[in-house]
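Contents: one structure, followed by commentary.
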Amino acid sequence: MKKDAVILIADDNPQHIEAMASSLYKTGARVVAADSVQGAMELLEQKRVDLVISDLFTGKTPDGIELLETVRRNFSPTPVILTTSIADIEVCKDAIRRGAWDFLVKPIEPKKLTDLAEQAVPAVAIPKGATLDFVFSGVISRSPLMHGVFRVLRRVSRTNLSVLIEGESGTGKELTARAIHENSPRKDNPFLPVNCAGLSESLLESELFGHVKGAFTGAVADRKGLLQLADKGTLFLDEIGDMPLVMQAKLLRVLEDGLILPVGGTAAVKVDVRIISATNQNLTKLVEEKKFRQDLYFRIKGVSVTLPALRNRPQDIPELFGYFLRQACQEIGMDIHRITEPAMRALMSYPWPGNIRQLRNTVQMMVVMCDHDTLDLRDLPPEISRLRALEAGEENQSLPAGNTGPSAEQSLEDVEREHIRRVLEMTGNNRTEAAKILKIGERTLYRKIKEYNL
């Protein structure tokens with residue numbers, strides 16, 4: 001367990017609080033307590049908490065389940081252990097389904113409690129004086145670079161302004177768009193994403209605007225497009241820089257007057273949709289090159305935010321790693337909840353050309369391949385192990401046969417080129433499958449292939 005871990009105990013029985021706190025103090029953790037769910041919620045708002053241990057507060061309002069749901073919604077990486085005096089297997093199952101880390105029946109054995117706490121809070125050092133800013137569920141950061149982004153998100157979420165999210169691939173643009181929607185007045189209506197680079201012009205038009213029966217071969221019935229399905233909600237246009245110019249003109253009309261015309265239709269339909277766009281390209285340059293309409297650019301850029309690359313916010317890696325580790329363990333059915341500090345230091349020194357998406361995939365791979373209960377240096381992917389060895393001057397560190405990682409002399413472009421080359425090789429140059437694995441649009445992949453002469 002990290003040295004300055006803070007554990008919140010919520011229980012209306014002072015003796016239970018005292019007994020649990022006494023056990024947890026021996027692990028080196030700091031304990032704060034509340035005798036009600038409301039008190040626990042107030043403490044969560046006031047300070048960083050690494051673990052919540054709460055009674056069910058059966059029959060009271062709010063109860064322990066409501067506390068669990070609040071933590072999952074507003075402080076999603078923070079694990080919650082629920083406790084109760086009555087053994088009820090259905091209640092236990094329900095708590096786990098709702099996202100509880102574990103469920104304990106009182107009286108609680110001290111060793112079982114401390115063992116669970118050790119597992120729930122990874123052994124990762126937290127920078128001294130750091131404060132978490134869990135402004136939105138899943139958007140995690142303690143970096144000053146992200147604090148400016150959070151300030152913009154707080155303000156823009158409450159409005160209906162169009163938002164343009166810029167940043168490298170894998171920096172969490174769709175997650176940020178979802179966070180904006182979920183904290184907006186439109187949160188009870190649809191959030192629909194579409195990848196503008198993954199569809200041809202005709203398919204994209206039909207996807208966005210819908211079509212009427214007989215509009216083209218195969219159109220056997222009327223079909224609503226995403227713009228109509230997202231009415232009163234939010235439409236997320238990912239990789240908007242790859243949208244064809246003809247489609248840009250049609251989208252501009254929607255933004256100007258809220259009218260859409262289904263493919264093959266004659267009657268326009270009025271819609272009320274908030275547009276959030278994202279790109280990893282330089283739209284200003286595309287405008288100069290006449291590849292993106294200037295009038296559309298100013299329309300979608302009601303407010304713009306730029307998400308920093310993960311290599312520029314390494315202090316976020318421990319918390320992100322813990323978040324993805326818990327996700328991976330739940331999805332795969334593994335029981336791995338700790339990582340050694342040397343392994344974490346190696347992760348924090350890696351440049352992460354694929355950003356948060358690459359980190360998430362790395363965590364999943366490490367969990368799948370791990371055959372022990374704590375992740376260590378031996379579990380790191382070859383490219384990270386190799387880079388660490390070169391930086392440490394360990395030129396002779398062995399690697400699995402056939403695996404060579406990037407050298408310390410390589411640029412991020414070289415690392416990305418090699419990664420794309422390997423994925424293409426693995427898929428037998430199946431670009432559709434490679435794009436899925438890389439989690440980018442096919443047009444983006446084609447552009448990278450041409451750019452890197454692959």
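The chains in the structure tokens are called A, B, ... from first to last as shown; in each chain the residues are counted from 1, and the ligands are counted from 1 in the order shown.
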
Next on the checklist: as an NGL selection string, please: the residues near range 360-366 of chain A (cut-off 6 Å, only C-alpha atoms, same-chain neighbours under 6 positions excluded).
Outcome noted: :A and (324 or 328 or 379)

Would you output that residue set with N, CA and C atoms, as a PDB file, in the first residue's frame?
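Once everything was written out, this is out-v4.pdb:
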```
ATOM      1  N   PHE A 324      -7.052   1.458 -14.884  1.00  0.00           N
ATOM      2  CA  PHE A 324      -7.109   0.439 -15.930  1.00  0.00           C
ATOM      3  C   PHE A 324      -6.840  -0.960 -15.375  1.00  0.00           C
ATOM      4  N   ALA A 328      -9.218  -4.077 -15.969  1.00  0.00           N
ATOM      5  CA  ALA A 328      -8.722  -5.299 -16.610  1.00  0.00           C
ATOM      6  C   ALA A 328      -8.969  -6.519 -15.737  1.00  0.00           C
ATOM      7  N   ASP A 379       7.139  -8.103 -16.120  1.00  0.00           N
ATOM      8  CA  ASP A 379       5.851  -8.121 -16.808  1.00  0.00           C
ATOM      9  C   ASP A 379       5.704  -6.996 -17.826  1.00  0.00           C
TER      10      ASP A 379
END
```

Next on the checklist: Could you list, as a PyMOL selection string, every residue within 7 Å of range 274-279 of chain A, counting only C-alpha atoms and ignoring same-chain residues fewer than 3 positions away?
Outcome noted: chain A and resi 160+162-167+173+177+233-241+300

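Between CA of Val149 in chain A and CA of Leu175 in chain A the separation is 13.3 Å.
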
Checklist entry - Between CA of Lys448 in chain A and CA of Asp414 in chain A, what is the spacing in Å? => result 11.8 Å

Item to check | Spatial neighbours of range 344-352 of chain A, max dist 7 Å, only C-alpha atoms, sep filter under 2 positions, as a ChimeraX atom specification | outcome: /A:310-311,314,317,339-342,354-355,358,384,388

Please produce a file of the residues just selected, as a PDB file, in the first residue's frame, where the atoms kept are N, CA and C atoms.
```pdb
ATOM      1  N   LEU A 310       0.281  12.103 -23.066  1.00  0.00           N
ATOM      2  CA  LEU A 310       0.573  11.457 -21.783  1.00  0.00           C
ATOM      3  C   LEU A 310       2.027  11.667 -21.373  1.00  0.00           C
ATOM      4  N   ARG A 311       2.929  11.769 -22.339  1.00  0.00           N
ATOM      5  CA  ARG A 311       4.351  11.963 -22.004  1.00  0.00           C
ATOM      6  C   ARG A 311       4.590  13.311 -21.322  1.00  0.00           C
ATOM      7  N   PRO A 314       3.335  12.805 -16.895  1.00  0.00           N
ATOM      8  CA  PRO A 314       3.689  11.492 -16.318  1.00  0.00           C
ATOM      9  C   PRO A 314       3.147  11.283 -14.907  1.00  0.00           C
ATOM     10  N   ILE A 317       0.208   8.926 -14.623  1.00  0.00           N
ATOM     11  CA  ILE A 317       0.314   7.510 -14.977  1.00  0.00           C
ATOM     12  C   ILE A 317      -0.052   6.578 -13.822  1.00  0.00           C
ATOM     13  N   ILE A 339       1.525  -3.178  -8.107  1.00  0.00           N
ATOM     14  CA  ILE A 339       2.661  -3.081  -9.006  1.00  0.00           C
ATOM     15  C   ILE A 339       3.831  -2.523  -8.206  1.00  0.00           C
ATOM     16  N   THR A 340       5.020  -3.033  -8.465  1.00  0.00           N
ATOM     17  CA  THR A 340       6.186  -2.576  -7.714  1.00  0.00           C
ATOM     18  C   THR A 340       6.595  -1.183  -8.163  1.00  0.00           C
ATOM     19  N   GLU A 341       7.283  -0.466  -7.290  1.00  0.00           N
ATOM     20  CA  GLU A 341       7.706   0.899  -7.622  1.00  0.00           C
ATOM     21  C   GLU A 341       8.707   0.935  -8.771  1.00  0.00           C
ATOM     22  N   PRO A 342       9.684  -0.003  -8.890  1.00  0.00           N
ATOM     23  CA  PRO A 342      10.576   0.023 -10.061  1.00  0.00           C
ATOM     24  C   PRO A 342       9.807  -0.118 -11.377  1.00  0.00           C
ATOM     25  N   GLY A 354       1.393   6.169 -28.066  1.00  0.00           N
ATOM     26  CA  GLY A 354      -0.035   5.914 -28.254  1.00  0.00           C
ATOM     27  C   GLY A 354      -0.891   6.473 -27.136  1.00  0.00           C
ATOM     28  N   ASN A 355      -0.253   7.216 -26.218  1.00  0.00           N
ATOM     29  CA  ASN A 355      -0.936   7.921 -25.139  1.00  0.00           C
ATOM     30  C   ASN A 355      -1.771   6.993 -24.247  1.00  0.00           C
ATOM     31  N   GLN A 358      -2.714   3.506 -25.441  1.00  0.00           N
ATOM     32  CA  GLN A 358      -1.622   2.543 -25.372  1.00  0.00           C
ATOM     33  C   GLN A 358      -1.402   2.058 -23.945  1.00  0.00           C
ATOM     34  N   ILE A 384       9.067  -1.297 -23.599  1.00  0.00           N
ATOM     35  CA  ILE A 384       9.314  -0.523 -22.383  1.00  0.00           C
ATOM     36  C   ILE A 384      10.536  -1.062 -21.653  1.00  0.00           C
ATOM     37  N   ARG A 388      14.003   1.108 -21.021  1.00  0.00           N
ATOM     38  CA  ARG A 388      14.501   1.263 -19.653  1.00  0.00           C
ATOM     39  C   ARG A 388      15.948   0.782 -19.558  1.00  0.00           C
TER      40      ARG A 388
END
```
